[in-house]
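*Asks:* Handing over coords11.pdb, PDB, C-alpha atoms and all ligand atoms.
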```pdb
ATOM      1  CA  MET A 796      26.370  -2.948 -15.316
ATOM      2  CA  LYS A 797      28.590  -4.604 -17.913
ATOM      3  CA  ALA A 798      28.909  -3.003 -21.302
ATOM      4  CA  LEU A 799      28.171  -6.185 -23.151
ATOM      5  CA  VAL A 800      25.093  -8.269 -22.661
ATOM      6  CA  SER A 801      24.710 -11.704 -24.105
ATOM      7  CA  TRP A 802      21.867 -14.079 -24.564
ATOM      8  CA  PRO A 803      23.337 -17.560 -24.464
ATOM      9  CA  THR A 804      21.498 -20.617 -25.631
ATOM     10  CA  PHE A 805      22.046 -23.756 -23.605
ATOM     11  CA  SER A 806      22.413 -27.116 -25.196
ATOM     12  CA  SER A 807      19.829 -29.728 -24.317
ATOM     13  CA  HIS A 808      22.299 -32.475 -25.216
ATOM     14  CA  PRO A 809      22.456 -34.773 -22.157
ATOM     15  CA  ARG A 810      26.233 -35.440 -22.403
ATOM     16  CA  ARG A 811      27.237 -31.818 -22.692
ATOM     17  CA  LYS A 812      27.913 -30.131 -19.390
ATOM     18  CA  GLU A 813      29.104 -26.724 -20.586
ATOM     19  CA  PRO A 814      26.558 -24.210 -21.846
ATOM     20  CA  GLN A 815      26.756 -23.713 -25.589
ATOM     21  CA  ILE A 816      27.021 -20.024 -26.363
ATOM     22  CA  SER A 817      26.120 -19.384 -29.947
ATOM     23  CA  LEU A 818      28.072 -16.555 -31.583
ATOM     24  CA  ARG A 819      24.840 -15.370 -33.139
ATOM     25  CA  HIS A 820      23.617 -14.671 -29.619
ATOM     26  CA  ILE A 821      26.483 -12.418 -28.614
ATOM     27  CA  ALA A 822      24.249  -9.437 -28.481
ATOM     28  CA  SER A 823      24.712  -5.805 -29.053
ATOM     29  CA  LEU A 824      25.922  -3.077 -26.757
ATOM     30  CA  ALA A 825      23.580  -2.182 -23.902
ATOM     31  CA  THR A 826      21.407   0.827 -24.683
ATOM     32  CA  THR A 827      21.916   2.211 -21.174
ATOM     33  CA  GLU A 828      25.700   2.155 -21.579
ATOM     34  CA  LEU A 829      25.430   3.632 -25.049
ATOM     35  CA  CYS A 830      23.329   6.527 -23.710
ATOM     36  CA  ASP A 831      25.749   7.153 -20.847
ATOM     37  CA  SER A 832      28.810   7.025 -23.107
ATOM     38  CA  ASN A 833      27.381   9.078 -25.939
ATOM     39  CA  ALA A 834      25.699  11.941 -24.098
ATOM     40  CA  LEU A 835      27.042  14.524 -26.534
ATOM     41  CA  LEU A 836      25.659  12.653 -29.542
ATOM     42  CA  LEU A 837      22.280  12.468 -27.774
ATOM     43  CA  THR A 838      22.362  16.216 -27.169
ATOM     44  CA  LYS A 839      23.203  16.862 -30.822
ATOM     45  CA  GLY A 840      20.475  14.533 -32.046
ATOM     46  CA  ASP A 841      22.923  12.215 -33.757
ATOM     47  CA  VAL A 842      21.635   9.539 -31.375
ATOM     48  CA  ARG A 843      17.888   9.463 -30.656
ATOM     49  CA  VAL A 844      15.832   7.318 -28.298
ATOM     50  CA  LEU A 845      12.595   5.952 -29.728
ATOM     51  CA  PRO A 846       9.561   6.536 -27.512
ATOM     52  CA  PRO A 847       8.809   3.452 -25.386
ATOM     53  CA  ILE A 848       5.799   2.331 -27.390
ATOM     54  CA  PHE A 849       7.056  -1.034 -28.673
ATOM     55  CA  ASN A 850       6.500  -4.519 -27.334
ATOM     56  CA  ILE A 851       9.315  -7.059 -27.367
ATOM     57  CA  TYR A 852       8.947 -10.212 -29.473
ATOM     58  CA  GLY A 853      11.306 -12.735 -31.035
ATOM     59  CA  HIS A 854      13.887 -14.992 -29.444
ATOM     60  CA  ARG A 855      16.658 -12.426 -29.729
ATOM     61  CA  ARG A 856      15.961  -9.918 -26.985
ATOM     62  CA  ALA A 857      18.858  -7.612 -27.847
ATOM     63  CA  PHE A 858      20.005  -6.784 -31.354
ATOM     64  CA  SER A 859      21.630  -4.085 -33.421
ATOM     65  CA  GLY A 860      22.663  -3.351 -36.959
ATOM     66  CA  PRO A 861      22.496  -1.015 -39.933
ATOM     67  CA  ILE A 862      18.941   0.013 -40.783
ATOM     68  CA  VAL A 863      16.926  -0.733 -43.907
ATOM     69  CA  THR A 864      13.664   1.206 -44.109
ATOM     70  CA  VAL A 865      10.371   0.461 -45.812
ATOM     71  CA  LYS A 866       7.179   2.507 -45.712
ATOM     72  CA  VAL A 867       3.904   0.669 -46.309
ATOM     73  CA  PHE A 868       0.287   0.844 -45.236
ATOM     74  CA  GLU A 869      -1.619  -2.357 -44.510
ATOM     75  CA  ASP A 870       0.305  -4.094 -47.336
ATOM     76  CA  ASN A 871       3.391  -6.250 -46.734
ATOM     77  CA  VAL A 872       4.594  -7.332 -50.187
ATOM     78  CA  LEU A 873       7.628  -5.036 -49.995
ATOM     79  CA  VAL A 874       8.354  -6.354 -46.502
ATOM     80  CA  ARG A 875       8.527  -9.900 -47.878
ATOM     81  CA  GLU A 876      10.751  -8.794 -50.767
ATOM     82  CA  LEU A 877      13.243  -7.226 -48.384
ATOM     83  CA  LEU A 878      13.255 -10.104 -45.914
ATOM     84  CA  GLU A 879      13.850 -12.550 -48.771
ATOM     85  CA  SER A 880      17.082 -10.737 -49.587
ATOM     86  CA  PRO A 881      20.252 -11.315 -47.535
ATOM     87  CA  GLY A 882      19.982  -9.538 -44.193
ATOM     88  CA  ASP A 883      23.723  -9.467 -43.443
ATOM     89  CA  GLY A 884      22.981  -8.580 -39.820
ATOM     90  CA  ARG A 885      20.849  -5.576 -40.700
ATOM     91  CA  VAL A 886      17.633  -4.379 -39.069
ATOM     92  CA  LEU A 887      14.458  -3.798 -41.080
ATOM     93  CA  ILE A 888      12.314  -0.869 -39.962
ATOM     94  CA  ILE A 889       8.769  -1.158 -41.280
ATOM     95  CA  ASP A 890       6.826   2.066 -41.022
ATOM     96  CA  GLY A 891       3.279   0.802 -41.232
ATOM     97  CA  GLY A 892       1.801   4.132 -40.173
ATOM     98  CA  GLY A 893       0.871   2.658 -36.808
ATOM     99  CA  SER A 894      -2.096   0.804 -38.294
ATOM    100  CA  MET A 895      -3.982  -1.359 -35.802
ATOM    101  CA  ARG A 896      -6.094  -3.017 -38.502
ATOM    102  CA  CYS A 897      -3.868  -5.884 -39.715
ATOM    103  CA  ALA A 898      -0.467  -7.546 -39.278
ATOM    104  CA  LEU A 899       2.548  -6.708 -41.450
ATOM    105  CA  LEU A 900       4.714  -9.570 -40.175
ATOM    106  CA  GLY A 901       3.897 -13.165 -39.241
ATOM    107  CA  GLY A 902       5.582 -16.445 -38.471
ATOM    108  CA  ASN A 903       6.560 -17.217 -42.063
ATOM    109  CA  LEU A 904       8.233 -13.884 -42.630
ATOM    110  CA  ALA A 905      10.017 -14.068 -39.277
ATOM    111  CA  GLN A 906      11.351 -17.506 -40.225
ATOM    112  CA  ILE A 907      12.561 -16.109 -43.541
ATOM    113  CA  ALA A 908      14.199 -13.195 -41.715
ATOM    114  CA  GLN A 909      16.020 -15.611 -39.441
ATOM    115  CA  ASN A 910      17.173 -17.781 -42.347
ATOM    116  CA  MET A 911      18.325 -14.797 -44.381
ATOM    117  CA  GLY A 912      20.407 -13.379 -41.540
ATOM    118  CA  TRP A 913      18.405 -10.329 -40.467
ATOM    119  CA  ALA A 914      19.287  -9.217 -36.927
ATOM    120  CA  GLY A 915      15.915  -7.667 -36.207
ATOM    121  CA  ILE A 916      12.685  -6.118 -37.397
ATOM    122  CA  LEU A 917      10.895  -3.111 -35.970
ATOM    123  CA  VAL A 918       7.260  -2.689 -36.979
ATOM    124  CA  ASN A 919       5.407   0.561 -36.556
ATOM    125  CA  GLY A 920       2.241  -1.491 -36.706
ATOM    126  CA  CYS A 921       1.129  -5.013 -35.827
ATOM    127  CA  ILE A 922       2.430  -8.565 -36.134
ATOM    128  CA  ARG A 923       0.740 -11.970 -35.885
ATOM    129  CA  ASP A 924       1.752 -15.578 -35.067
ATOM    130  CA  VAL A 925       3.381 -14.272 -31.915
ATOM    131  CA  ASP A 926       4.283 -17.723 -30.573
ATOM    132  CA  GLU A 927       6.026 -18.639 -33.843
ATOM    133  CA  ILE A 928       7.848 -15.320 -33.943
ATOM    134  CA  ASN A 929       9.016 -15.794 -30.373
ATOM    135  CA  GLY A 930      10.656 -19.049 -31.502
ATOM    136  CA  CYS A 931      12.651 -17.359 -34.280
ATOM    137  CA  ASP A 932      16.234 -16.246 -33.762
ATOM    138  CA  VAL A 933      15.538 -12.661 -34.687
ATOM    139  CA  GLY A 934      14.644  -9.606 -32.643
ATOM    140  CA  VAL A 935      11.210  -8.098 -33.209
ATOM    141  CA  ARG A 936       9.588  -4.940 -31.912
ATOM    142  CA  ALA A 937       5.992  -4.051 -32.744
ATOM    143  CA  LEU A 938       3.123  -1.990 -31.377
ATOM    144  CA  ALA A 939       0.755  -4.939 -30.898
ATOM    145  CA  SER A 940      -0.495  -8.200 -32.369
ATOM    146  CA  HIS A 941      -3.441  -8.586 -34.736
ATOM    147  CA  PRO A 942      -4.739 -11.865 -36.232
ATOM    148  CA  GLN A 943      -5.579 -10.523 -39.691
ATOM    149  CA  LYS A 944      -3.140 -10.477 -42.630
ATOM    150  CA  SER A 945      -2.451  -7.418 -44.742
ATOM    151  CA  TYR A 946      -3.221  -6.589 -48.379
ATOM    152  CA  LYS A 947      -0.865  -7.900 -51.094
ATOM    153  CA  LYS A 948      -0.911  -5.032 -53.591
ATOM    154  CA  ARG A 949       2.803  -4.153 -53.491
ATOM    155  CA  VAL A 950       2.208  -0.540 -52.543
ATOM    156  CA  GLY A 951       4.853   1.355 -50.582
ATOM    157  CA  GLU A 952       8.431   2.608 -50.771
ATOM    158  CA  LYS A 953      11.752   1.031 -49.863
ATOM    159  CA  HIS A 954      14.778   2.891 -48.458
ATOM    160  CA  VAL A 955      12.922   6.141 -47.725
ATOM    161  CA  PRO A 956      13.107   8.240 -44.535
ATOM    162  CA  VAL A 957      10.433   7.173 -42.049
ATOM    163  CA  ASN A 958       8.901   8.849 -39.017
ATOM    164  CA  ILE A 959       8.570   6.511 -36.056
ATOM    165  CA  GLY A 960       7.004   8.102 -32.984
ATOM    166  CA  GLY A 961       8.208  11.532 -34.079
ATOM    167  CA  ILE A 962      11.775  10.374 -34.795
ATOM    168  CA  ILE A 963      12.947  10.634 -38.407
ATOM    169  CA  ILE A 964      15.007   7.575 -39.396
ATOM    170  CA  HIS A 965      17.107   7.168 -42.528
ATOM    171  CA  ASP A 966      18.168   4.044 -44.357
ATOM    172  CA  GLY A 967      21.772   3.249 -43.392
ATOM    173  CA  GLU A 968      21.559   4.593 -39.835
ATOM    174  CA  TRP A 969      22.090   2.188 -36.920
ATOM    175  CA  LEU A 970      19.582   0.692 -34.492
ATOM    176  CA  TYR A 971      20.370  -0.697 -31.024
ATOM    177  CA  ALA A 972      17.602  -2.503 -29.128
ATOM    178  CA  ASP A 973      17.497  -4.330 -25.828
ATOM    179  CA  SER A 974      15.150  -4.737 -22.881
ATOM    180  CA  ASP A 975      15.640  -1.097 -21.898
ATOM    181  CA  GLY A 976      14.791   0.568 -25.175
ATOM    182  CA  ILE A 977      15.690   1.378 -28.750
ATOM    183  CA  LEU A 978      18.334   3.806 -30.004
ATOM    184  CA  ILE A 979      18.784   5.199 -33.488
ATOM    185  CA  SER A 980      22.216   6.514 -34.395
ATOM    186  CA  LYS A 981      23.624   8.229 -37.468
ATOM    187  CA  THR A 982      26.747   6.066 -37.122
ATOM    188  CA  GLU A 983      27.868   2.832 -35.532
ATOM    189  CA  LEU A 984      28.348   3.401 -31.791
ATOM    190  CA  SER A 985      30.882   2.297 -29.243
ATOM    191  CA  ILE A 986      30.957   2.521 -25.467
TER     192      ILE A 986
HETATM  193  O1  LIG B1001       2.245 -13.261 -45.020
HETATM  194  C1  LIG B1001       1.770 -12.441 -44.233
HETATM  195  O2  LIG B1001       0.939 -11.589 -44.550
HETATM  196  C2  LIG B1001       2.220 -12.468 -42.822
HETATM  197  C3  LIG B1001       2.138 -13.844 -42.298
HETATM  198  O3  LIG B1001       1.090 -14.346 -42.014
HETATM  199  C4  LIG B1001       3.380 -14.600 -42.128
HETATM  200  O4  LIG B1001       4.463 -14.063 -42.314
HETATM  201  O5  LIG B1001       3.276 -15.772 -41.733
END
```
For this file, write the structure as structure tokens.

*Replies:*
Amino acid sequence: MKALVSWPTFSSHPRRKEPQISLRHIASLATTELCDSNALLLTKGDVRVLPPIFNIYGHRRAFSGPIVTVKVFEDNVLVRELLESPGDGRVLIIDGGGSMRCALLGGNLAQIAQNMGWAGILVNGCIRDVDEINGCDVGVRALASHPQKSYKKRVGEKHVPVNIGGIIIHDGEWLYADSDGILISKTELSI
């Protein structure tokens, strides 16, 4: 398998014959290759594999970037605040405690994330407006979908360590996601 995977978009313009490959779709390194090339880091725990509990949403199937964390519970005001700030190719990890009782991310927030340059969003919880999210040029991972919105009380903490499926993740670490899985790394990885 090649080290680099890409997710080209093809122009629908009738006169254009060549596929248009958007630079924003040159995706991240393949998680399989990263695991194979960084076996020592995996052994040491500097690279961890998240348990395969997340569903894949969003137009961008593969993404990577430095992590920003936020810990909330059934309240997404802090999520909106972060997504309204420049993403600069980073990945937002929302630890929603795994709640199955409401959605922490919907179509509006995914659109904002796309416009603000976030590479991806991982939700330890639920999302809604799945069809809209799937149309946004951002990668999304979440446990499930739920039609109900969350509270708006602004309770939670930004930039704190979070525990996702038993893996402790710190702000500033790196996330790599593709169709095969999700890696968390203390540092930026190479093949
Ligand atoms: O605002 C929310 O609670 C989530 C939502 O529906 C959206 O992002 O469209």

*Asks:* Please put the answer as lines of an AutoDock Vina configuration file: centre and edge lengths, in Å with one decimal, of a box along x, y and z that encloses all listed atoms of ligand LIG 1001 (chain B) plus 5 Å on each side.

*Replies:*
```
center_x = 2.7
center_y = -13.7
center_z = -43.4
size_x = 13.5
size_y = 14.2
size_z = 13.3
```

*Asks:* Please find the residues contacting ligand LIG 1001 (chain B) at a distance of at most 7 Å between atoms, with only C-alpha atoms and all ligand atoms counted, and report them as an NGL selection string.

*Replies:* :A and (871 or 898-905 or 923-924 or 944-945)

*Asks:* Please evaluate the PyMOL selection byres (((chain A and resi 911-913) around 12) and not hetatm) against the displayed coordinates and give the resulting residues as a ChimeraX atom specification.

*Replies:* /A:819,855,858-863,875-888,904-910,914-917,931-935

*Asks:* Might you spell out which residues the PyMOL selection byres (((chain A and resi 973) around 8) and not hetatm) would select in the displayed file, as number ranges by chain?

*Replies:* A: 825-826, 856-858, 971-972, 974-977

*Asks:* Excluding Val872 of chain A and residues on its chain fewer than 5 positions from it, collect all residues at most 7 Å away from it, counting all atoms listed in the file, and give them as an MDAnalysis selection string.

*Replies:* chainID A and resid 947:949

*Asks:* Counting only C-alpha atoms, figure out which residue out of A:Thr827, A:Asp841, A:Gly892, A:Leu938 gets nearest to Glu983 of chain A.

*Replies:*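 Checking each candidate against Glu983 of chain A, we get A:Asp841 as the closest.
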
*Asks:* Can you list, as a VMD selection string, every protein, DNA or RNA residue that comes within 8 Å of Glu828 of chain A when you count all atoms listed in the file, leaving out same-chain residues fewer than 3 positions away?

*Replies:* chain A and resid 798 824 to 825 831 to 832 986

*Asks:* Which one of A:Val925, A:Gly930, A:Arg936, A:Phe868 sits closest to Ile851 of chain A if you count all atoms listed in the file?

*Replies:*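 Once distances to Ile851 of chain A are computed over all atoms listed in the file, the minimum belongs to A:Arg936.
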
*Asks:* The PyMOL selection byres (((chain A and resi 966) around 6) and not hetatm) - which residues does that actually catch in the file I just gave you? List them as a VMD selection string.

*Replies:* chain A and resid 862 to 864 954 965 967 to 968
